[in-house]
Amino acid sequence: MYNILEAPFMKEMIDTVSNMYAHGWDERNGGNVSLLLTEEQVRDYRDINSVIRTIDIPFDAYALIGKYFLVTGTGKYFKNVKSNPAGNMGLFRIGKDGKSAELLWGYDDGGRFTSELPAHLMSHIARLSVDPDNRVVMHCHPTNLLAMTYIHDLDEKKFTHTLWEFSTECIVVFPDGVNVLPWMLCGTNEIGEATAEKMKTARLVVWAAHGIYGAGKDLDETFGLIETAEKAAEVYMKCAALPKINTIKDTELKELADFFKVTPREGFLNL
Ligand code: 2HA
Ligand code: ZN
């Protein structure tokens, strides 16, 4: 059995949440990340039969029974994850009833997973149904995307189009676009269900006046996805109050998509 703090997945998780904090996306206890692991990955670092305690899950996660997740803790600060990984994160398996988390490591101070677990697990289920390689769900509060939700139409086509228009690489990085939810109460099963539904058609889901959810096959890819959208939102916010005299035309967006062999979301370009 190896030291779990030396596990590549653990190091990558610590680096990623630290980087998210450094980017200003996760003030105080803002943000949460979940990483789906295989039993093989976990077995090298943990006795999978030694369950520390079980924690109730507030909905039926039957579709994920037996699956392993490394998840940031509720009320915990990303700022502190690096100096105290086991106090700020936990690794658990979804129990046979689908309604309990079997803790194998972490949440050392008696804590539990993020209050946004429903949105995370439901989003994992939704993404896995369209992409079996999906492993990560990431939530944070990037400043410019958040700002944009106060001044921009929340229509998904319009929101996506603006991001595509305000940085050349966007259509290549997220050709599936961005879905948007209106303001909703966070931490509930309802926002979890709504987020998961939106995750079926895009890997980015904006929560108006709150933040964003991203999904991907690994931590780097998911971080990069949010980073790219946030960059475009930043450029948009710098330009929004100024007269706009240049843009990327839809014919040019199509040229980009063709050259990089991606398929833009149906109907999102005005051609
Ligand atoms: O966990 O970001 O959405 C803190 C949050 C809630
Ligand atoms: Zn949040």
# chains A, B, ... in the order shown; residues from 1 in each chain; ligands from 1
>>> closest_atom_pairs(of="chain A", to="ligand 2", cutoff="12 Å", atoms="only C-alpha atoms and all ligand atoms", output="Markdown table")
| residue | atom | partner | partner_atom_place_in_ligand_line | distance |
| --- | --- | --- | --- | --- |
| A:Trp25 | CA | ligand 2 | 1 (Zn) | 9.7 |
| A:Asp26 | CA | ligand 2 | 1 (Zn) | 8.3 |
| A:Glu27 | CA | ligand 2 | 1 (Zn) | 9.6 |
| A:Arg28 | CA | ligand 2 | 1 (Zn) | 10.5 |
| A:Asn29 | CA | ligand 2 | 1 (Zn) | 8.5 |
| A:Gly30 | CA | ligand 2 | 1 (Zn) | 5.2 |
| A:Gly31 | CA | ligand 2 | 1 (Zn) | 5.0 |
| A:Asn32 | CA | ligand 2 | 1 (Zn) | 7.4 |
| A:Val33 | CA | ligand 2 | 1 (Zn) | 10.7 |
| A:Thr74 | CA | ligand 2 | 1 (Zn) | 11.0 |
| A:Gly75 | CA | ligand 2 | 1 (Zn) | 11.0 |
| A:Thr114 | CA | ligand 2 | 1 (Zn) | 10.0 |
| A:Ser115 | CA | ligand 2 | 1 (Zn) | 9.5 |
| A:Glu116 | CA | ligand 2 | 1 (Zn) | 8.0 |
| A:Leu117 | CA | ligand 2 | 1 (Zn) | 11.5 |
| A:Ala119 | CA | ligand 2 | 1 (Zn) | 10.8 |
| A:His120 | CA | ligand 2 | 1 (Zn) | 11.7 |
| A:Met138 | CA | ligand 2 | 1 (Zn) | 10.1 |
| A:His139 | CA | ligand 2 | 1 (Zn) | 6.4 |
| A:Cys140 | CA | ligand 2 | 1 (Zn) | 5.7 |
| A:His141 | CA | ligand 2 | 1 (Zn) | 6.1 |
| A:Pro142 | CA | ligand 2 | 1 (Zn) | 9.9 |
| A:Thr143 | CA | ligand 2 | 1 (Zn) | 11.9 |
| A:Leu146 | CA | ligand 2 | 1 (Zn) | 10.7 |
| A:Trp183 | CA | ligand 2 | 1 (Zn) | 11.8 |
| A:Met184 | CA | ligand 2 | 1 (Zn) | 11.3 |
| A:Leu185 | CA | ligand 2 | 1 (Zn) | 10.5 |
| A:Cys186 | CA | ligand 2 | 1 (Zn) | 7.4 |
| A:Gly187 | CA | ligand 2 | 1 (Zn) | 8.6 |
| A:Thr188 | CA | ligand 2 | 1 (Zn) | 11.9 |
| A:Ile191 | CA | ligand 2 | 1 (Zn) | 11.5 |
| A:Val206 | CA | ligand 2 | 1 (Zn) | 10.7 |
| A:Trp207 | CA | ligand 2 | 1 (Zn) | 8.6 |
| A:Ala208 | CA | ligand 2 | 1 (Zn) | 10.7 |
| A:Ala209 | CA | ligand 2 | 1 (Zn) | 9.8 |
| A:His210 | CA | ligand 2 | 1 (Zn) | 6.0 |
| A:Gly211 | CA | ligand 2 | 1 (Zn) | 6.0 |
| A:Ile212 | CA | ligand 2 | 1 (Zn) | 7.8 |
| A:Tyr213 | CA | ligand 2 | 1 (Zn) | 9.0 |
>>> residues_around(residues="stretch 215-218 of chain A", least_positions_apart="2", cutoff="8 Å", atoms="only C-alpha atoms", output="ChimeraX atom specification")
/A:127,133-138,203-204,213,220-222
>>> closest_residue(among="A:Met148, A:Ala101, A:Val42, A:Val71", to="ligand 1", atoms="only C-alpha atoms and all ligand atoms")
A:Val71
>>> select_by_dssp(residues="stretch 3-246 of chain A", states="strand (DSSP E or B)", output="number ranges by chain")
A: 32-37, 53-56, 68-73, 89-94, 100-106, 113, 136-140, 178-181, 204-207, 211-216
>>> write_last_selection(atoms="C-alpha atoms", output="PDB file, in the first residue's frame")
ATOM      1  CA  ASN A  32     -16.149  22.264  -5.457  1.00  0.00           C
ATOM      2  CA  VAL A  33     -14.560  19.504  -7.524  1.00  0.00           C
ATOM      3  CA  SER A  34     -15.324  15.802  -7.929  1.00  0.00           C
ATOM      4  CA  LEU A  35     -13.036  13.284  -9.608  1.00  0.00           C
ATOM      5  CA  LEU A  36     -14.252   9.799 -10.555  1.00  0.00           C
ATOM      6  CA  LEU A  37     -11.617   7.127  -9.841  1.00  0.00           C
ATOM      7  CA  ARG A  53     -17.789   5.883   8.275  1.00  0.00           C
ATOM      8  CA  THR A  54     -20.772   6.259   6.004  1.00  0.00           C
ATOM      9  CA  ILE A  55     -22.386   9.566   5.133  1.00  0.00           C
ATOM     10  CA  ASP A  56     -25.951   9.897   3.848  1.00  0.00           C
ATOM     11  CA  TYR A  68     -15.207   5.934  -6.254  1.00  0.00           C
ATOM     12  CA  PHE A  69     -14.955   9.720  -5.989  1.00  0.00           C
ATOM     13  CA  LEU A  70     -12.458  12.191  -4.597  1.00  0.00           C
ATOM     14  CA  VAL A  71     -14.506  15.256  -3.608  1.00  0.00           C
ATOM     15  CA  THR A  72     -13.791  18.589  -1.906  1.00  0.00           C
ATOM     16  CA  GLY A  73     -15.466  19.110   1.478  1.00  0.00           C
ATOM     17  CA  MET A  89     -11.247  16.522   0.817  1.00  0.00           C
ATOM     18  CA  GLY A  90     -12.603  13.011   1.047  1.00  0.00           C
ATOM     19  CA  LEU A  91     -12.466   9.819  -0.981  1.00  0.00           C
ATOM     20  CA  PHE A  92     -15.552   7.630  -0.865  1.00  0.00           C
ATOM     21  CA  ARG A  93     -17.438   4.877  -2.657  1.00  0.00           C
ATOM     22  CA  ILE A  94     -21.154   5.061  -3.374  1.00  0.00           C
ATOM     23  CA  SER A 100     -24.681   6.482   1.252  1.00  0.00           C
ATOM     24  CA  ALA A 101     -21.061   7.455   0.762  1.00  0.00           C
ATOM     25  CA  GLU A 102     -18.566   4.966   2.235  1.00  0.00           C
ATOM     26  CA  LEU A 103     -15.656   7.094   3.358  1.00  0.00           C
ATOM     27  CA  LEU A 104     -12.227   5.570   2.719  1.00  0.00           C
ATOM     28  CA  TRP A 105     -10.048   8.609   3.331  1.00  0.00           C
ATOM     29  CA  GLY A 106     -10.331  12.280   4.342  1.00  0.00           C
ATOM     30  CA  PHE A 113     -18.651  16.258   0.935  1.00  0.00           C
ATOM     31  CA  VAL A 136     -14.414  15.347 -13.659  1.00  0.00           C
ATOM     32  CA  VAL A 137     -17.095  17.799 -12.596  1.00  0.00           C
ATOM     33  CA  MET A 138     -15.795  21.206 -11.504  1.00  0.00           C
ATOM     34  CA  HIS A 139     -17.669  24.165 -10.044  1.00  0.00           C
ATOM     35  CA  CYS A 140     -16.262  27.645  -9.369  1.00  0.00           C
ATOM     36  CA  VAL A 178     -22.363  26.882 -23.058  1.00  0.00           C
ATOM     37  CA  ASN A 179     -25.711  26.138 -21.433  1.00  0.00           C
ATOM     38  CA  VAL A 180     -27.192  28.574 -18.954  1.00  0.00           C
ATOM     39  CA  LEU A 181     -29.443  28.224 -15.920  1.00  0.00           C
ATOM     40  CA  LEU A 204     -20.149  24.016 -19.565  1.00  0.00           C
ATOM     41  CA  VAL A 205     -23.203  25.114 -17.602  1.00  0.00           C
ATOM     42  CA  VAL A 206     -23.376  28.689 -16.325  1.00  0.00           C
ATOM     43  CA  TRP A 207     -25.337  29.407 -13.159  1.00  0.00           C
ATOM     44  CA  GLY A 211     -20.684  30.696 -11.336  1.00  0.00           C
ATOM     45  CA  ILE A 212     -20.071  27.839 -13.703  1.00  0.00           C
ATOM     46  CA  TYR A 213     -19.927  24.037 -13.915  1.00  0.00           C
ATOM     47  CA  GLY A 214     -17.478  22.320 -16.224  1.00  0.00           C
ATOM     48  CA  ALA A 215     -17.029  18.641 -17.059  1.00  0.00           C
ATOM     49  CA  GLY A 216     -14.266  16.726 -18.774  1.00  0.00           C
TER      50      GLY A 216
END
>>> closest_residue(among="A:Lys76, A:Met13, A:Glu227, A:Ser167", to="ligand 1", atoms="only C-alpha atoms and all ligand atoms")
A:Lys76
>>> atom_distance(atom1="atom CA of A:Asn88", atom2="atom CA of A:Tyr107")
6.1 Å
>>> residues_around(residues="A:Leu64", least_positions_apart="3", cutoff="9 Å", atoms="only C-alpha atoms", output="VMD selection string")
chain A and resid 61 67 to 68 93 to 95 98 121 124 to 125
>>> write_last_selection(atoms="N, CA, C and O atoms", output="PDB file, in the first residue's frame")
ATOM      1  N   ALA A  61     -28.445   7.873  -5.712  1.00  0.00           N
ATOM      2  CA  ALA A  61     -27.353   7.837  -6.698  1.00  0.00           C
ATOM      3  C   ALA A  61     -27.134   6.406  -7.212  1.00  0.00           C
ATOM      4  O   ALA A  61     -26.002   5.965  -7.396  1.00  0.00           O
ATOM      5  N   LYS A  67     -19.050   3.175  -7.357  1.00  0.00           N
ATOM      6  CA  LYS A  67     -18.063   4.082  -7.972  1.00  0.00           C
ATOM      7  C   LYS A  67     -17.335   4.886  -6.897  1.00  0.00           C
ATOM      8  O   LYS A  67     -17.893   5.203  -5.843  1.00  0.00           O
ATOM      9  N   TYR A  68     -16.069   5.218  -7.200  1.00  0.00           N
ATOM     10  CA  TYR A  68     -15.207   5.934  -6.254  1.00  0.00           C
ATOM     11  C   TYR A  68     -15.038   7.391  -6.676  1.00  0.00           C
ATOM     12  O   TYR A  68     -14.820   7.669  -7.862  1.00  0.00           O
ATOM     13  N   ARG A  93     -16.772   5.748  -1.672  1.00  0.00           N
ATOM     14  CA  ARG A  93     -17.438   4.877  -2.657  1.00  0.00           C
ATOM     15  C   ARG A  93     -18.942   5.018  -2.433  1.00  0.00           C
ATOM     16  O   ARG A  93     -19.402   5.116  -1.291  1.00  0.00           O
ATOM     17  N   ILE A  94     -19.693   5.026  -3.508  1.00  0.00           N
ATOM     18  CA  ILE A  94     -21.154   5.061  -3.374  1.00  0.00           C
ATOM     19  C   ILE A  94     -21.606   3.666  -2.922  1.00  0.00           C
ATOM     20  O   ILE A  94     -21.313   2.667  -3.586  1.00  0.00           O
ATOM     21  N   GLY A  95     -22.305   3.638  -1.775  1.00  0.00           N
ATOM     22  CA  GLY A  95     -22.713   2.371  -1.178  1.00  0.00           C
ATOM     23  C   GLY A  95     -23.764   1.620  -1.978  1.00  0.00           C
ATOM     24  O   GLY A  95     -24.384   2.176  -2.894  1.00  0.00           O
ATOM     25  N   GLY A  98     -27.054   3.053  -2.821  1.00  0.00           N
ATOM     26  CA  GLY A  98     -27.078   4.259  -3.665  1.00  0.00           C
ATOM     27  C   GLY A  98     -27.382   5.527  -2.888  1.00  0.00           C
ATOM     28  O   GLY A  98     -27.506   6.592  -3.466  1.00  0.00           O
ATOM     29  N   LEU A 121     -22.893  14.669  -8.685  1.00  0.00           N
ATOM     30  CA  LEU A 121     -23.159  13.267  -9.047  1.00  0.00           C
ATOM     31  C   LEU A 121     -24.151  13.170 -10.206  1.00  0.00           C
ATOM     32  O   LEU A 121     -23.988  12.349 -11.118  1.00  0.00           O
ATOM     33  N   HIS A 124     -22.248  13.891 -13.259  1.00  0.00           N
ATOM     34  CA  HIS A 124     -21.432  12.732 -13.675  1.00  0.00           C
ATOM     35  C   HIS A 124     -22.301  11.735 -14.446  1.00  0.00           C
ATOM     36  O   HIS A 124     -21.910  11.239 -15.504  1.00  0.00           O
ATOM     37  N   ILE A 125     -23.478  11.454 -13.904  1.00  0.00           N
ATOM     38  CA  ILE A 125     -24.372  10.489 -14.565  1.00  0.00           C
ATOM     39  C   ILE A 125     -24.717  10.985 -15.971  1.00  0.00           C
ATOM     40  O   ILE A 125     -24.650  10.232 -16.953  1.00  0.00           O
TER      41      ILE A 125
END
>>> closest_residue(among="A:Phe159, A:Asp258, A:Ile171, A:Thr251", to="A:Tyr236", atoms="only C-alpha atoms")
A:Phe159
>>> select_by_dssp(residues="stretch 80-264 of chain A", states="helix (DSSP H, G or I)", output="MDAnalysis selection string")
chainID A and resid 80 85:88 117:130 143:151 156:165 170:173 189:199 219:239 250:259
>>> closest_residue(among="A:Pro58, A:Pro264, A:Pro118, A:Pro8", to="ligand 1", atoms="only C-alpha atoms and all ligand atoms")
A:Pro118
>>> closest_residue(among="A:Lys157, A:Arg112, A:Lys249, A:Lys261", to="ligand 1", atoms="only C-alpha atoms and all ligand atoms")
A:Arg112
>>> atom_distance(atom1="atom CA of A:Leu225", atom2="atom CA of A:Asn19")
13.9 Å
>>> closest_residue(among="A:Glu40, A:Tyr77, A:Thr195, A:Gly66", to="ligand 1", atoms="only C-alpha atoms and all ligand atoms")
A:Tyr77
>>> atom_distance(atom1="atom CA of A:Asn189", atom2="atom CA of A:Asp60")
10.3 Å
